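Heads up, run_35.pdb below (PDB, C-alpha atoms, pLDDT in the B column):
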ATOM      1  CA  MET A   1     -55.581  -6.117  61.619  1.00 45.00           C
ATOM      2  CA  ASP A   2     -57.245  -4.527  58.589  1.00 50.00           C
ATOM      3  CA  GLY A   3     -56.285  -6.251  55.332  1.00 52.00           C
ATOM      4  CA  GLY A   4     -56.989  -3.059  53.336  1.00 57.00           C
ATOM      5  CA  LEU A   5     -54.023  -1.160  54.775  1.00 61.00           C
ATOM      6  CA  LEU A   6     -50.824  -1.258  52.778  1.00 62.00           C
ATOM      7  CA  GLU A   7     -47.429  -1.530  54.377  1.00 70.00           C
ATOM      8  CA  PRO A   8     -45.110   1.449  53.841  1.00 72.00           C
ATOM      9  CA  SER A   9     -42.668   0.926  51.010  1.00 77.00           C
ATOM     10  CA  LEU A  10     -39.526   2.559  49.712  1.00 82.00           C
ATOM     11  CA  TYR A  11     -40.888   2.081  46.186  1.00 84.00           C
ATOM     12  CA  SER A  12     -42.819   5.347  46.122  1.00 88.00           C
ATOM     13  CA  ILE A  13     -42.311   6.418  42.500  1.00 92.00           C
ATOM     14  CA  LYS A  14     -44.055   4.611  39.647  1.00 94.00           C
ATOM     15  CA  ALA A  15     -42.859   6.915  36.867  1.00 94.00           C
ATOM     16  CA  ILE A  16     -41.096  10.153  35.996  1.00 95.00           C
ATOM     17  CA  ALA A  17     -41.858  11.820  32.672  1.00 94.00           C
ATOM     18  CA  ILE A  18     -41.250  14.987  30.704  1.00 94.00           C
ATOM     19  CA  LEU A  19     -43.630  15.746  27.850  1.00 94.00           C
ATOM     20  CA  ASP A  20     -43.541  18.557  25.307  1.00 91.00           C
ATOM     21  CA  ASN A  21     -46.387  21.005  24.798  1.00 90.00           C
ATOM     22  CA  ASP A  22     -48.051  18.599  22.337  1.00 90.00           C
ATOM     23  CA  GLY A  23     -48.066  15.757  24.868  1.00 89.00           C
ATOM     24  CA  ASN A  24     -45.261  13.845  23.183  1.00 92.00           C
ATOM     25  CA  ARG A  25     -42.756  11.964  25.316  1.00 93.00           C
ATOM     26  CA  LEU A  26     -39.309  13.461  25.693  1.00 92.00           C
ATOM     27  CA  ILE A  27     -38.271  11.420  28.715  1.00 92.00           C
ATOM     28  CA  ALA A  28     -40.150   8.708  30.559  1.00 93.00           C
ATOM     29  CA  LYS A  29     -38.907   6.227  33.120  1.00 93.00           C
ATOM     30  CA  TYR A  30     -41.345   3.659  34.490  1.00 94.00           C
ATOM     31  CA  TYR A  31     -40.330   1.777  37.613  1.00 92.00           C
ATOM     32  CA  ASP A  32     -42.981  -0.939  37.835  1.00 90.00           C
ATOM     33  CA  ASP A  33     -45.237  -2.973  35.586  1.00 88.00           C
ATOM     34  CA  THR A  34     -48.378  -0.816  35.868  1.00 87.00           C
ATOM     35  CA  PHE A  35     -47.977  -0.061  32.160  1.00 89.00           C
ATOM     36  CA  GLN A  36     -46.187  -3.025  30.667  1.00 88.00           C
ATOM     37  CA  THR A  37     -45.825  -1.965  27.043  1.00 92.00           C
ATOM     38  CA  THR A  38     -44.592   1.213  25.440  1.00 91.00           C
ATOM     39  CA  LYS A  39     -47.968   1.575  23.747  1.00 93.00           C
ATOM     40  CA  GLU A  40     -49.758   1.517  27.134  1.00 93.00           C
ATOM     41  CA  GLN A  41     -47.259   4.011  28.539  1.00 92.00           C
ATOM     42  CA  LYS A  42     -47.698   6.434  25.646  1.00 93.00           C
ATOM     43  CA  THR A  43     -51.487   6.146  25.814  1.00 93.00           C
ATOM     44  CA  PHE A  44     -51.374   6.919  29.534  1.00 93.00           C
ATOM     45  CA  GLU A  45     -49.028   9.876  28.938  1.00 93.00           C
ATOM     46  CA  LYS A  46     -51.259  11.293  26.187  1.00 94.00           C
ATOM     47  CA  ASN A  47     -54.381  10.962  28.366  1.00 93.00           C
ATOM     48  CA  LEU A  48     -52.576  12.479  31.359  1.00 92.00           C
ATOM     49  CA  PHE A  49     -51.365  15.396  29.251  1.00 92.00           C
ATOM     50  CA  ASN A  50     -54.869  15.990  27.862  1.00 91.00           C
ATOM     51  CA  LYS A  51     -56.213  16.088  31.417  1.00 91.00           C
ATOM     52  CA  THR A  52     -53.495  18.390  32.843  1.00 89.00           C
ATOM     53  CA  HIS A  53     -52.194  20.729  30.143  1.00 85.00           C
ATOM     54  CA  ARG A  54     -54.879  23.358  30.737  1.00 85.00           C
ATOM     55  CA  ALA A  55     -55.342  22.864  34.470  1.00 78.00           C
ATOM     56  CA  ASN A  56     -53.873  25.190  37.071  1.00 76.00           C
ATOM     57  CA  ALA A  57     -53.561  22.474  39.722  1.00 78.00           C
ATOM     58  CA  GLU A  58     -50.362  20.699  40.697  1.00 90.00           C
ATOM     59  CA  ILE A  59     -51.810  17.312  41.606  1.00 91.00           C
ATOM     60  CA  ILE A  60     -54.369  14.979  40.097  1.00 90.00           C
ATOM     61  CA  MET A  61     -55.742  11.517  40.772  1.00 91.00           C
ATOM     62  CA  PHE A  62     -55.733   9.880  37.351  1.00 89.00           C
ATOM     63  CA  GLU A  63     -56.441   6.255  36.419  1.00 89.00           C
ATOM     64  CA  GLY A  64     -55.931   5.201  40.038  1.00 90.00           C
ATOM     65  CA  LEU A  65     -52.574   6.971  40.345  1.00 92.00           C
ATOM     66  CA  THR A  66     -51.450  10.119  42.114  1.00 93.00           C
ATOM     67  CA  CYS A  67     -49.783  12.452  39.628  1.00 94.00           C
ATOM     68  CA  VAL A  68     -47.985  15.669  40.510  1.00 94.00           C
ATOM     69  CA  TYR A  69     -46.964  17.921  37.673  1.00 94.00           C
ATOM     70  CA  ARG A  70     -45.471  21.229  36.712  1.00 92.00           C
ATOM     71  CA  SER A  71     -45.166  23.074  33.426  1.00 89.00           C
ATOM     72  CA  ASN A  72     -42.611  25.538  32.166  1.00 86.00           C
ATOM     73  CA  VAL A  73     -42.553  27.194  28.735  1.00 82.00           C
ATOM     74  CA  ASP A  74     -43.031  24.150  26.468  1.00 87.00           C
ATOM     75  CA  LEU A  75     -42.312  21.299  28.913  1.00 92.00           C
ATOM     76  CA  PHE A  76     -44.505  19.357  31.343  1.00 93.00           C
ATOM     77  CA  PHE A  77     -42.826  17.512  34.227  1.00 94.00           C
ATOM     78  CA  TYR A  78     -44.663  14.605  35.881  1.00 95.00           C
ATOM     79  CA  VAL A  79     -43.964  12.393  38.889  1.00 95.00           C
ATOM     80  CA  ILE A  80     -46.394   9.529  39.348  1.00 95.00           C
ATOM     81  CA  GLY A  81     -47.051   7.361  42.404  1.00 93.00           C
ATOM     82  CA  SER A  82     -49.697   4.979  43.650  1.00 90.00           C
ATOM     83  CA  SER A  83     -53.071   6.213  44.822  1.00 86.00           C
ATOM     84  CA  MET A  84     -51.945   5.683  48.424  1.00 88.00           C
ATOM     85  CA  GLU A  85     -48.662   7.602  48.036  1.00 87.00           C
ATOM     86  CA  ASN A  86     -48.018  10.746  50.043  1.00 86.00           C
ATOM     87  CA  GLU A  87     -48.469  13.740  47.743  1.00 89.00           C
ATOM     88  CA  LEU A  88     -45.812  15.719  49.629  1.00 91.00           C
ATOM     89  CA  ILE A  89     -43.176  13.101  48.835  1.00 91.00           C
ATOM     90  CA  LEU A  90     -44.153  13.111  45.169  1.00 92.00           C
ATOM     91  CA  ALA A  91     -44.175  16.929  45.083  1.00 92.00           C
ATOM     92  CA  ASN A  92     -40.722  17.028  46.676  1.00 93.00           C
ATOM     93  CA  VAL A  93     -39.357  14.584  44.082  1.00 93.00           C
ATOM     94  CA  LEU A  94     -40.897  16.723  41.338  1.00 93.00           C
ATOM     95  CA  ASN A  95     -39.324  19.896  42.756  1.00 93.00           C
ATOM     96  CA  VAL A  96     -35.885  18.268  43.084  1.00 93.00           C
ATOM     97  CA  PHE A  97     -36.145  16.919  39.531  1.00 94.00           C
ATOM     98  CA  TYR A  98     -37.252  20.268  38.097  1.00 93.00           C
ATOM     99  CA  ASP A  99     -34.615  22.244  40.056  1.00 92.00           C
ATOM    100  CA  SER A 100     -31.894  19.808  38.946  1.00 92.00           C
ATOM    101  CA  ILE A 101     -32.929  20.166  35.300  1.00 91.00           C
ATOM    102  CA  SER A 102     -33.071  23.941  35.722  1.00 90.00           C
ATOM    103  CA  GLN A 103     -29.498  23.989  37.062  1.00 89.00           C
ATOM    104  CA  ILE A 104     -28.246  21.623  34.362  1.00 88.00           C
ATOM    105  CA  LEU A 105     -29.871  23.768  31.659  1.00 85.00           C
ATOM    106  CA  ARG A 106     -28.632  26.962  33.332  1.00 85.00           C
ATOM    107  CA  LYS A 107     -32.194  28.193  34.037  1.00 85.00           C
ATOM    108  CA  ASN A 108     -33.123  27.810  30.343  1.00 82.00           C
ATOM    109  CA  VAL A 109     -35.791  25.140  30.877  1.00 87.00           C
ATOM    110  CA  GLU A 110     -37.234  24.635  27.411  1.00 88.00           C
ATOM    111  CA  LYS A 111     -37.493  21.809  24.897  1.00 89.00           C
ATOM    112  CA  ARG A 112     -34.511  22.730  22.716  1.00 90.00           C
ATOM    113  CA  ALA A 113     -32.127  23.086  25.668  1.00 89.00           C
ATOM    114  CA  LEU A 114     -33.431  19.829  27.137  1.00 89.00           C
ATOM    115  CA  LEU A 115     -32.860  17.954  23.870  1.00 89.00           C
ATOM    116  CA  ASP A 116     -29.316  19.375  23.657  1.00 88.00           C
ATOM    117  CA  ASN A 117     -28.559  18.069  27.169  1.00 88.00           C
ATOM    118  CA  MET A 118     -30.539  14.835  27.115  1.00 89.00           C
ATOM    119  CA  ASP A 119     -27.674  12.744  28.516  1.00 88.00           C
ATOM    120  CA  ALA A 120     -27.364  14.912  31.617  1.00 89.00           C
ATOM    121  CA  VAL A 121     -31.154  14.929  32.086  1.00 90.00           C
ATOM    122  CA  PHE A 122     -31.285  11.112  31.997  1.00 91.00           C
ATOM    123  CA  LEU A 123     -28.406  10.968  34.487  1.00 90.00           C
ATOM    124  CA  ALA A 124     -30.265  13.380  36.779  1.00 91.00           C
ATOM    125  CA  ALA A 125     -33.366  11.162  36.674  1.00 91.00           C
ATOM    126  CA  ASP A 126     -31.195   8.135  37.474  1.00 90.00           C
ATOM    127  CA  GLU A 127     -29.510   9.916  40.390  1.00 89.00           C
ATOM    128  CA  LEU A 128     -32.868  11.045  41.741  1.00 91.00           C
ATOM    129  CA  CYS A 129     -34.716   7.742  41.591  1.00 90.00           C
ATOM    130  CA  ASP A 130     -33.525   4.154  41.271  1.00 89.00           C
ATOM    131  CA  GLY A 131     -36.118   1.489  40.582  1.00 89.00           C
ATOM    132  CA  GLY A 132     -38.844   3.608  42.156  1.00 88.00           C
ATOM    133  CA  ILE A 133     -36.854   4.382  45.312  1.00 89.00           C
ATOM    134  CA  VAL A 134     -36.052   8.046  45.944  1.00 89.00           C
ATOM    135  CA  MET A 135     -32.259   8.258  46.219  1.00 89.00           C
ATOM    136  CA  GLU A 136     -31.682  11.997  46.536  1.00 87.00           C
ATOM    137  CA  THR A 137     -33.667  14.920  47.924  1.00 88.00           C
ATOM    138  CA  ASP A 138     -31.282  17.770  47.134  1.00 88.00           C
ATOM    139  CA  SER A 139     -31.062  19.196  43.620  1.00 86.00           C
ATOM    140  CA  SER A 140     -27.501  20.500  44.147  1.00 86.00           C
ATOM    141  CA  SER A 141     -26.335  16.976  44.993  1.00 87.00           C
ATOM    142  CA  VAL A 142     -28.025  15.592  41.891  1.00 88.00           C
ATOM    143  CA  VAL A 143     -26.366  18.227  39.691  1.00 88.00           C
ATOM    144  CA  GLN A 144     -22.998  17.643  41.346  1.00 87.00           C
ATOM    145  CA  LYS A 145     -23.268  13.899  40.712  1.00 84.00           C
ATOM    146  CA  VAL A 146     -24.218  14.509  37.097  1.00 84.00           C
ATOM    147  CA  ALA A 147     -21.138  16.774  36.897  1.00 72.00           C
ATOM    148  CA  VAL A 148     -21.808  18.975  33.897  1.00 55.00           C
ATOM    149  CA  LYS A 149     -18.365  19.854  32.594  1.00 51.00           C
ATOM    150  CA  ASN A 150     -17.198  23.445  32.098  1.00 44.00           C
ATOM    151  CA  ASP A 151     -15.935  22.570  28.608  1.00 51.00           C
ATOM    152  CA  ASP A 152     -19.543  22.297  27.475  1.00 55.00           C
ATOM    153  CA  ILE A 153     -20.374  25.832  28.627  1.00 58.00           C
ATOM    154  CA  PRO A 154     -20.195  28.450  25.875  1.00 60.00           C
ATOM    155  CA  LEU A 155     -17.425  30.995  26.445  1.00 56.00           C
ATOM    156  CA  GLY A 156     -19.918  33.842  26.927  1.00 60.00           C
ATOM    157  CA  GLU A 157     -21.565  31.990  29.837  1.00 59.00           C
ATOM    158  CA  GLN A 158     -18.351  31.096  31.697  1.00 60.00           C
ATOM    159  CA  THR A 159     -17.143  33.068  34.691  1.00 65.00           C
ATOM    160  CA  MET A 160     -13.752  34.751  34.623  1.00 65.00           C
ATOM    161  CA  SER A 161     -12.322  32.197  37.062  1.00 63.00           C
ATOM    162  CA  GLN A 162     -13.481  29.326  34.806  1.00 61.00           C
ATOM    163  CA  ILE A 163     -11.820  30.953  31.780  1.00 64.00           C
ATOM    164  CA  THR A 164      -8.626  31.684  33.750  1.00 68.00           C
ATOM    165  CA  SER A 165      -8.502  28.141  35.115  1.00 65.00           C
ATOM    166  CA  LYS A 166      -8.966  26.622  31.648  1.00 64.00           C
ATOM    167  CA  TYR A 167      -6.309  28.931  30.174  1.00 66.00           C
ATOM    168  CA  THR A 168      -3.864  28.125  33.009  1.00 71.00           C
ATOM    169  CA  GLN A 169      -4.352  24.385  32.426  1.00 69.00           C
ATOM    170  CA  GLN A 170      -3.683  24.791  28.703  1.00 70.00           C
ATOM    171  CA  VAL A 171      -0.543  26.890  29.315  1.00 67.00           C
ATOM    172  CA  SER A 172       0.670  24.358  31.879  1.00 71.00           C
ATOM    173  CA  ALA A 173       0.194  21.487  29.424  1.00 69.00           C
ATOM    174  CA  VAL A 174       2.114  23.332  26.682  1.00 70.00           C
ATOM    175  CA  THR A 175       4.883  24.266  29.125  1.00 75.00           C
ATOM    176  CA  ASP A 176       5.209  20.635  30.238  1.00 72.00           C
ATOM    177  CA  ARG A 177       5.534  19.484  26.620  1.00 74.00           C
ATOM    178  CA  VAL A 178       8.146  22.160  25.837  1.00 73.00           C
ATOM    179  CA  LEU A 179      10.198  21.264  28.925  1.00 77.00           C
ATOM    180  CA  GLN A 180      10.013  17.542  28.127  1.00 77.00           C
ATOM    181  CA  SER A 181      11.134  18.246  24.559  1.00 76.00           C
ATOM    182  CA  ALA A 182      14.063  20.346  25.818  1.00 76.00           C
ATOM    183  CA  LYS A 183      15.112  17.594  28.255  1.00 79.00           C
ATOM    184  CA  ASP A 184      14.985  15.028  25.461  1.00 76.00           C
ATOM    185  CA  GLN A 185      17.128  17.223  23.188  1.00 78.00           C
ATOM    186  CA  ILE A 186      19.724  17.804  25.939  1.00 82.00           C
ATOM    187  CA  LYS A 187      19.784  14.079  26.765  1.00 76.00           C
ATOM    188  CA  TRP A 188      20.335  13.136  23.083  1.00 76.00           C
ATOM    189  CA  SER A 189      23.011  15.803  22.633  1.00 75.00           C
ATOM    190  CA  LEU A 190      24.925  14.495  25.675  1.00 76.00           C
ATOM    191  CA  LEU A 191      24.657  10.885  24.492  1.00 73.00           C
ATOM    192  CA  LYS A 192      26.187  11.715  21.051  1.00 65.00           C
TER     193      LYS A 192
END
Output the file's structure as structure tokens, nothing else.
Amino acid sequence: MDGGLLEPSLYSIKAIAILDNDGNRLIAKYYDDTFQTTKEQKTFEKNLFNKTHRANAEIIMFEGLTCVYRSNVDLFFYVIGSSMENELILANVLNVFYDSISQILRKNVEKRALLDNMDAVFLAADELCDGGIVMETDSSSVVQKVAVKNDDIPLGEQTMSQITSKYTQQVSAVTDRVLQSAKDQIKWSLLK
């Protein structure tokens, strides 16, 4: 048996990162100890950004790691695996991550929208990958698990059924309070 062959592993993701158009970290999750300190991580991210921000490719071997990436407006999305990792798996994780973020941000994938929804973006990354193990391969499932609430959607972006449902719930709550108040008044008037 050849000692150079590595056994397959579920731990296929070393890191997921989103950088802005200056190469600064917005989100980064590292799943192993390849880069042990924050300083090492940021240096790697800056070097990776410098190598990829002008390239038209989608994959690069960089510092002994396989990196797949995608850019949109002012954001760069990266998924990083070992040099032996299957690029198709990494590319699929990147696509699911990007599509999830796109759905969460309502197709407005840019830095400002991302910063406004940072909690949901972190939850999406956590739903997608846990400790380097890919947990989900469907962006709709990731978004559903993150469960962006309708209350956070501006009125102009809500559908008529969402508005009607919200209004009906509010009317129902008021009606319940009015009926309870009337019952209490009748009960107290009978007890006098």
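The smallest atom-to-atom distance between Ser102 (chain A) and any of A:Ile13, A:Val79, A:Val143, A:Ile27, using all atoms listed in the file, is found for A:Val143.
Across A:Ser100, A:Gln180, A:Asn24, A:Thr66, the tightest approach to Lys42 (chain A) is made by A:Asn24 when counting only C-alpha atoms.
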Discussion item. Quick check on the file I pasted: which residues fall under the PyMOL selection byres ((chain A and resi 91-98) around 8)? Write them as a PyMOL selection string.
Written reply: chain A and resi 68-70+77-79+87-90+99-102+124-125+128+134+137-139
Evaluating the PyMOL selection byres ((chain A and resi 113-117) around 10) on the displayed file yields which residues, as a CSV table (one decimal) with C-alpha atoms, in the coordinates of the input?
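result.csv written:
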chain,number,residue,atom,x,y,z
A,18,ILE,CA,-41.2,15.0,30.7
A,26,LEU,CA,-39.3,13.5,25.7
A,27,ILE,CA,-38.3,11.4,28.7
A,75,LEU,CA,-42.3,21.3,28.9
A,101,ILE,CA,-32.9,20.2,35.3
A,102,SER,CA,-33.1,23.9,35.7
A,104,ILE,CA,-28.2,21.6,34.4
A,105,LEU,CA,-29.9,23.8,31.7
A,106,ARG,CA,-28.6,27.0,33.3
A,107,LYS,CA,-32.2,28.2,34.0
A,108,ASN,CA,-33.1,27.8,30.3
A,109,VAL,CA,-35.8,25.1,30.9
A,110,GLU,CA,-37.2,24.6,27.4
A,111,LYS,CA,-37.5,21.8,24.9
A,112,ARG,CA,-34.5,22.7,22.7
A,118,MET,CA,-30.5,14.8,27.1
A,119,ASP,CA,-27.7,12.7,28.5
A,120,ALA,CA,-27.4,14.9,31.6
A,121,VAL,CA,-31.2,14.9,32.1
A,122,PHE,CA,-31.3,11.1,32.0
A,148,VAL,CA,-21.8,19.0,33.9
A,152,ASP,CA,-19.5,22.3,27.5
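Polymer residues near (-51.9, 10.1, 40.7): counting only C-alpha atoms with a cut-off of 7 Å, they are Ile60, Met61, Phe62, Gly64, Leu65, Thr66, Cys67, Val68, Ile80, Gly81, Ser82 and Ser83 of chain A.
For the pair CA of Glu40 (chain A) and CA of Leu19 (chain A), the separation is 15.5 Å.
CA of Tyr30 (chain A) is positioned 11.8 Å from CA of Tyr11 (chain A).
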Worksheet item: What residues have an atom no more than 6 Å from (-43.9, 7.1, 34.7) in the file's own frame, counting only C-alpha atoms, and can you write them as a count of residues only?
Response: 8
Discussion item. To one decimal place in Å, what is the distance between CA of Gly23 (chain A) and CA of Thr37 (chain A)?
Written reply: 18.0 Å
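Excluding Phe44 (chain A) and any residue on its chain fewer than 4 positions from it, the residues at most 10 Å away by all atoms listed in the file are Phe35, Thr38, Lys39, Glu40, Leu48, Phe49, Asn50, Phe62 and Glu63 of chain A.
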Fix up region 65-78 of chain A with N, CA, C and O atoms, then write it as an mmCIF file, in the coordinates of the input.
data_model
loop_
_atom_site.group_PDB
_atom_site.id
_atom_site.type_symbol
_atom_site.label_atom_id
_atom_site.label_comp_id
_atom_site.auth_asym_id
_atom_site.auth_seq_id
_atom_site.Cartn_x
_atom_site.Cartn_y
_atom_site.Cartn_z
ATOM 1 N N LEU A 65 -53.930 6.571 39.969
ATOM 2 C CA LEU A 65 -52.574 6.971 40.345
ATOM 3 C C LEU A 65 -52.570 8.416 40.811
ATOM 4 O O LEU A 65 -53.383 9.224 40.374
ATOM 5 N N THR A 66 -51.637 8.740 41.679
ATOM 6 C CA THR A 66 -51.450 10.119 42.114
ATOM 7 C C THR A 66 -50.377 10.731 41.227
ATOM 8 O O THR A 66 -49.258 10.213 41.156
ATOM 9 N N CYS A 67 -50.717 11.806 40.551
ATOM 10 C CA CYS A 67 -49.783 12.452 39.628
ATOM 11 C C CYS A 67 -49.565 13.899 40.070
ATOM 12 O O CYS A 67 -50.528 14.642 40.227
ATOM 13 N N VAL A 68 -48.314 14.268 40.271
ATOM 14 C CA VAL A 68 -47.985 15.669 40.510
ATOM 15 C C VAL A 68 -47.281 16.165 39.260
ATOM 16 O O VAL A 68 -46.564 15.421 38.596
ATOM 17 N N TYR A 69 -47.516 17.420 38.924
ATOM 18 C CA TYR A 69 -46.964 17.921 37.673
ATOM 19 C C TYR A 69 -46.673 19.401 37.761
ATOM 20 O O TYR A 69 -47.129 20.107 38.649
ATOM 21 N N ARG A 70 -45.887 19.835 36.799
ATOM 22 C CA ARG A 70 -45.471 21.229 36.712
ATOM 23 C C ARG A 70 -45.163 21.511 35.251
ATOM 24 O O ARG A 70 -44.615 20.662 34.549
ATOM 25 N N SER A 71 -45.493 22.718 34.810
ATOM 26 C CA SER A 71 -45.166 23.074 33.426
ATOM 27 C C SER A 71 -44.262 24.299 33.414
ATOM 28 O O SER A 71 -44.277 25.105 34.334
ATOM 29 N N ASN A 72 -43.482 24.389 32.364
ATOM 30 C CA ASN A 72 -42.611 25.538 32.166
ATOM 31 C C ASN A 72 -42.380 25.703 30.673
ATOM 32 O O ASN A 72 -41.927 24.769 30.021
ATOM 33 N N VAL A 73 -42.683 26.859 30.145
ATOM 34 C CA VAL A 73 -42.553 27.194 28.735
ATOM 35 C C VAL A 73 -43.231 26.122 27.880
ATOM 36 O O VAL A 73 -44.427 26.127 27.722
ATOM 37 N N ASP A 74 -42.462 25.173 27.341
ATOM 38 C CA ASP A 74 -43.031 24.150 26.468
ATOM 39 C C ASP A 74 -42.766 22.733 26.984
ATOM 40 O O ASP A 74 -42.740 21.782 26.216
ATOM 41 N N LEU A 75 -42.567 22.600 28.306
ATOM 42 C CA LEU A 75 -42.312 21.299 28.913
ATOM 43 C C LEU A 75 -43.280 21.045 30.061
ATOM 44 O O LEU A 75 -43.648 21.965 30.792
ATOM 45 N N PHE A 76 -43.672 19.785 30.222
ATOM 46 C CA PHE A 76 -44.505 19.357 31.343
ATOM 47 C C PHE A 76 -43.764 18.248 32.082
ATOM 48 O O PHE A 76 -43.406 17.236 31.488
ATOM 49 N N PHE A 77 -43.532 18.458 33.370
ATOM 50 C CA PHE A 77 -42.826 17.512 34.227
ATOM 51 C C PHE A 77 -43.850 16.761 35.067
ATOM 52 O O PHE A 77 -44.723 17.383 35.680
ATOM 53 N N TYR A 78 -43.734 15.436 35.119
ATOM 54 C CA TYR A 78 -44.663 14.605 35.881
ATOM 55 C C TYR A 78 -43.908 13.637 36.779
ATOM 56 O O TYR A 78 -42.896 13.054 36.359
#
